[in-house]
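Participant: The structure's right below; bear with me while I get my questions together.
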Amino acid sequence: MKTEQEQEFIRRRLEEELGDLRFLKGAEVLDRTHPRSWRAKLRALWNYELELPLIPIGASFAVLLAIFLVDQLQEDTGKGQPTVDMSRSGRQLVEAGGNTYWKDDYEKAVEGVESKDQS
Amino acid sequence: MKVKIKVKHLFALAVALCASFVLLQLIVMPRIEVAMAKKHFEQGTAGGKNELLRVMDTSSGDDKWELIRRYMIENGSDMSLTRFDVIAGDGTFESSTVTSLPDAPRWTGEERIKYLEAYVEGGPADGYLVRASKQLAFEYLLLSRTEDAIRALERTEQRLTGGYDNQKRELKFARAKIYADAEQFETAERLLTELSEKQNRKGTYLNDNIVKLQTRIMEQRDDTKSSVSGTIKRSDGKPMAGIGVYLRSSRDVYHSLIEGEPYQTSTDSEGNYAFKGVAPGSYVVYIGLNFEQIDGWTRPANYNEEWIDLRGGEHLTRDITLQRLIQLRSPVDQQVITGKTVTFEWEPVEGAATYTLNGTFPVENGTVGHQIKDHIESNSIELSLEELYSVESGYSYKKFGDKDIPDPSNLLGYADPSSRFSWSVEAYDADGKLLTRSNGYRLNLNEQTMGPLPFFYLKERTLTGADRLLLEGRMDEALVEYKAAYERDEQDEHSLRMMVKLLRINATDAKRPLDAASVTYLEKLASVDDTGNAIFPLIEYYGSVEDWSRVDRYYSMLNKARQGRVESYSQAQYGKMLLKQGRVQEGEAQLRQAQENDPSNRFIGPYLASVIYLSGTLDTAEELARQYPERSYYDKDNPDWSDLVQGLKEENQNSNDDSYFSKLKEALRVCFGGEQTEIEDWTAESEYLAMKAFIKALSKVD
């Protein structure tokens with residue numbers, strides 16, 4: 001801590017050296033630090049610096065995103081389900097025992113009779 | 001961890017996020033949806049078709065046209081009547097699997113019409129528009145909406161501007177074709193005249209087609225030409241509307257149906273079809289059906305029994321009635337049979353006089369089919385396993401190491417306890433006409449058509465040491481072992497049968513006749529096997545060594561075993577042996593019967609020869625040759641006996657040689673004898689060309 005004398009000394013030096021200078025924007029500075037008009041208040045808010053906790057915010061975003069995606073996915077799989085066209089789509093034919101079957105039907109039937117035999 | 005941010009920057013971030021979300025929903029999501037729908041459709045995923053229809057509905061402009069182009073127009077065939085799932089001929093069923101997207105679900109006619117109509121109205125005017133309108137016209141034609149079909153083609157023609165002259169001509173030609181099919185000949189001819197007046201290039205595909213269609217119209221209008229028409233329905237009375245009908249000539253039936261074949265049409269809403277102006281020739285009607293139409297049903301037709309012979313001026317009717325498949329009752333669903341007999345039972349068929357029971361043996365890449373028994377008079381039959389063990393079948397080859405040998409399991413047949421057999425049945429009316437069968441398309445599409453599985457196992461016997469050697473591909477060792485087993489126990493019919501099979505295979509493979517020792521075993525087998533299946537090889541053997549009394553004896557044995565219904569091939573061979581002995585009268589009787597029972601008419605040649613030899617005239621033979629042309633699917637060079645007899649007749653008339661007929665008889669005698677050198681000597685000396693041609697064809701019949 002400097003002594004009061006030293007402070008007084010420096011103040012005088014400053015006054016001497018800055019004696020020729022005039023500070024004109026005092027009002028503006030005051031306006032910024034203590035805004036009175038709505039414009040000034042808005043600008044203050046606009047430039048207000050927030051300090052945000054990264055982890056909770058990131059986590060909540062992740063949760064929201066997940067919910068959104070799951071929702072989309074459900075919507076997709078839900079679509080068309082009641083009108084499933086299983087008669088044809090992606091099925092292969094197989095010839096067995098002189099007949100022509102859908103391969104999946106045939107394999108299921110063979111599996112069925114084989115499991116019945118074993119039981 | 002904290003982050004410092006100014007309010008204005010936070011705001012900008014929020015705005016950016018919102019904007020990207022909107023962007024996602026409006027632009028990216030629809031694109032993903034389209035991509036997903038495309039993928040699902042192409043892979044045939046459940047619901048993929050509806051997804052694609054939805055994106056087609058929601059998209060607009062170029063995107064929409066692109067989708068219709070890619071998934072309907074490119075995949076469809078233009079005006080093609082050949083794109084049905086199943087093409088059913090005379091006992092043949094061919095399932096098509098042609099599409100550039102094999103797993104993609106199929107469009108219904110209704111769906112195609114909706115989107116193609118939109119495309120024809122609004123799609124870009126280019127080559128695809130031409131295809132779209134042709135395909136749309138085809139869909140309309142299947143529904144008998146001829147007017148709409150014409151309108152669609154006309155509309156497209158108007159929409160196309162300069163630079164598409166050829167396409168416009170194609171469309172005009174398509175219209176002419178529709179008018180010709182609808183018998184509006186004046187309009188069709190007017191269009192064709194317009195087209196040929198403005199021909200810009202010579203020799204193009206279209207110009208050829210114009211000429212062909214003009215000829216066809218001329219033939220169609222010509223009342224002296226033949227026509228074939230009929231109705232196609234199901235036995236429950238439902239008319240088969242919108243199915244393909246093809247009148248296929250004997251030159252075409254040996255290959256798959258192609259678009260270039262001339263007589264193709266589809267049935268109207270009542271199931272009627274008609275072909276007019278048909279050129280003379282032999283034809284078979286084939287039909288094209290979708291799986292939904294054939295599922296659980298069959299077209300009762302047998303190979304070579306559906307021929308239509310047209311000579312000009314005939315107006316024939318050929319109706320086709322699809323019949324329900326017969327349901328099998330037992331043994332089914334892989335039932336294991338361990339007893340000494342097996343009872344086959346199936347649902348009775350109304351109007352059936354007899355049934356034929358068929359079976360299959362599994363082989364490496366498929367099955368080998370065979371007949372188990374025919375002329376069964378009720379809807380069930382109990383067969384002893386011995387009867388099944390003695391069933392004869394063809395055999396397929398299997399690789400063992402680097403050698404191909406007959407599939408051992410196939411050789412064992414019903415005697416292989418590990419084989420899974422299948423069976424099927426055919427029903428015939430009193431005239432021997434096929435009514436329906438049990439095997440066909442069982443796809444559960446409209447109703448439950450699948451039924452029980454036609455499989456069963458026979459596990460009454462266990463494999464012998466020789467069987468095991470055979471199954472390991474050690475044929476020679478197996479033969480030695482069978483022989484030893486038979487010598488140990490002369491009651492061992494299985495070893496005897498297997499031994500005979502292997503000996504016959506060895507002889508065939510070495511291209512030599514059976515030796516005397518093998519024949520002894522064959523005779524032993526024939527004496528214990530009641531089915532008569534072992535007899536024909538003996539007849540062949542004794543025929544080859546000209547031991548005629550034994551041939552006669554074995555033939556009468558065969559006749560007895562078959563209850564007077566010997567297979568036409570065996571009967572014809574016996575008939576030829578009789579001719580060889582100079583017993584022409586008896587030979588003619590056998591050949592006549594064989595000829596009657598054989599729809600392919602493959603023995604018509606020797607039969608005609610015996611008729612000519614006996615009757616001393618050519619008139620009867622001429623009529624017979626005309627009535628029974630020899631059928632052949634693959635060999636297009638099969639003899640035209642009608643022409644050959646005609647040739648003889650003309651040669652006889654022109655020769656002014658009283659001895660012509662006795663010379664012909666002498667030539668026939670030489671040919672009956674079957675000595676190749678004698679036939680060649682005769683040919684070298686003879687001066688009669690038609691006679692030579694006849695003898696040459698006759699000597700080639702086997």
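Labeling convention for the structure tokens: chains A, B, ... as they appear, residues from 1 per chain, ligands from 1 in order of appearance.
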Please, which residues of chain B lie no more than 9 Å from chain A when the count uses only C-alpha atoms, and can they be set out as a ChimeraX atom specification?

Facilitator: /B:1-10,41-51,102-106,333-335,359-360,366-367,369,421-424,438-445,450,452-455

Participant: I'd like to know which of B:Ser570, B:Ser144, B:Ser556, B:Ser632 is closest to Thr267 of chain B, using only C-alpha atoms.

Facilitator: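 Ranked by minimum distance to Thr267 of chain B, first place goes to B:Ser144.
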
Participant: Please identify the strand (DSSP E) residues within chain A (assignment by DSSP from backbone atoms) and present them as a VMD selection string.

Facilitator: chain A and resid 49 to 53 93 to 96 99 to 102

Participant: From a DSSP calculation on the backbone, collect every residue of segment 285-461 of chain B in helix (DSSP H, G or I) and output the set as a PyMOL selection string.

Facilitator: chain B and resi 291-294+385-389+408-415

Participant: Atoms to include: N, CA and C atoms. Write the selected residues as a compact mmCIF listing (two decimals), in the first residue's frame.

Facilitator:
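Now in result-v4.txt:
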```txt
# COMPACT_ATOMS: atom_id res chain seq x y z
N PHE B 291 -50.03 -65.29 -60.80
CA PHE B 291 -50.06 -66.28 -59.72
C PHE B 291 -51.45 -66.36 -59.06
N GLU B 292 -52.09 -65.20 -58.90
CA GLU B 292 -53.40 -65.19 -58.27
C GLU B 292 -54.40 -66.04 -59.05
N GLN B 293 -54.20 -66.09 -60.38
CA GLN B 293 -55.18 -66.81 -61.22
C GLN B 293 -54.92 -68.31 -61.26
N ILE B 294 -53.68 -68.71 -61.10
CA ILE B 294 -53.36 -70.14 -61.21
C ILE B 294 -53.29 -70.80 -59.84
N LEU B 385 -44.84 -102.79 -50.55
CA LEU B 385 -43.58 -102.09 -50.74
C LEU B 385 -42.77 -102.73 -51.85
N GLU B 386 -42.93 -104.07 -52.03
CA GLU B 386 -42.22 -104.75 -53.12
C GLU B 386 -42.55 -104.08 -54.46
N GLU B 387 -43.84 -103.72 -54.61
CA GLU B 387 -44.27 -103.06 -55.84
C GLU B 387 -43.53 -101.72 -56.01
N LEU B 388 -43.41 -100.99 -54.90
CA LEU B 388 -42.70 -99.71 -54.97
C LEU B 388 -41.21 -99.92 -55.25
N TYR B 389 -40.65 -100.96 -54.61
CA TYR B 389 -39.21 -101.19 -54.81
C TYR B 389 -38.91 -101.50 -56.28
N PRO B 408 -26.62 -92.95 -56.63
CA PRO B 408 -26.94 -94.22 -55.96
C PRO B 408 -28.32 -94.21 -55.30
N SER B 409 -28.67 -93.09 -54.69
CA SER B 409 -29.96 -93.03 -54.02
C SER B 409 -31.08 -93.17 -55.05
N ASN B 410 -30.86 -92.59 -56.21
CA ASN B 410 -31.80 -92.69 -57.32
C ASN B 410 -31.94 -94.15 -57.77
N LEU B 411 -30.80 -94.87 -57.79
CA LEU B 411 -30.83 -96.29 -58.19
C LEU B 411 -31.56 -97.13 -57.16
N LEU B 412 -31.35 -96.82 -55.89
CA LEU B 412 -32.05 -97.57 -54.84
C LEU B 412 -33.54 -97.28 -54.88
N GLY B 413 -33.90 -96.09 -55.30
CA GLY B 413 -35.31 -95.72 -55.43
C GLY B 413 -36.01 -95.79 -54.09
N TYR B 414 -37.15 -96.46 -54.07
CA TYR B 414 -37.94 -96.55 -52.83
C TYR B 414 -37.26 -97.41 -51.77
N ALA B 415 -36.16 -98.08 -52.16
CA ALA B 415 -35.45 -98.92 -51.19
C ALA B 415 -34.45 -98.13 -50.37
```

Participant: Skip segment 674-685 of chain B itself and residues of its chain fewer than 5 positions away, then list as a VMD selection string all residues within 8 Å of it, counting only C-alpha atoms.

Facilitator: chain B and resid 580 667 692 699

Participant: Hey, which of B:Gly281, B:Gly339, B:Pro537, B:Gly465 ends up closest to Glu477 of chain B? Count only C-alpha atoms.

Facilitator: B:Gly465

Participant: Quick check, in Å to one decimal: how far apart do atom CA of Ile376 of chain B and atom CA of Thr356 of chain B lie?

Facilitator: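 One can read the atom CA of Ile376 of chain B to atom CA of Thr356 of chain B distance as 6.3 Å.
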
Participant: I need the residue nearest Glu121 of chain B from this list: B:Asp181, B:Glu540, B:Glu154, B:Glu139. Use only C-alpha atoms for the distance.

Facilitator: B:Glu154
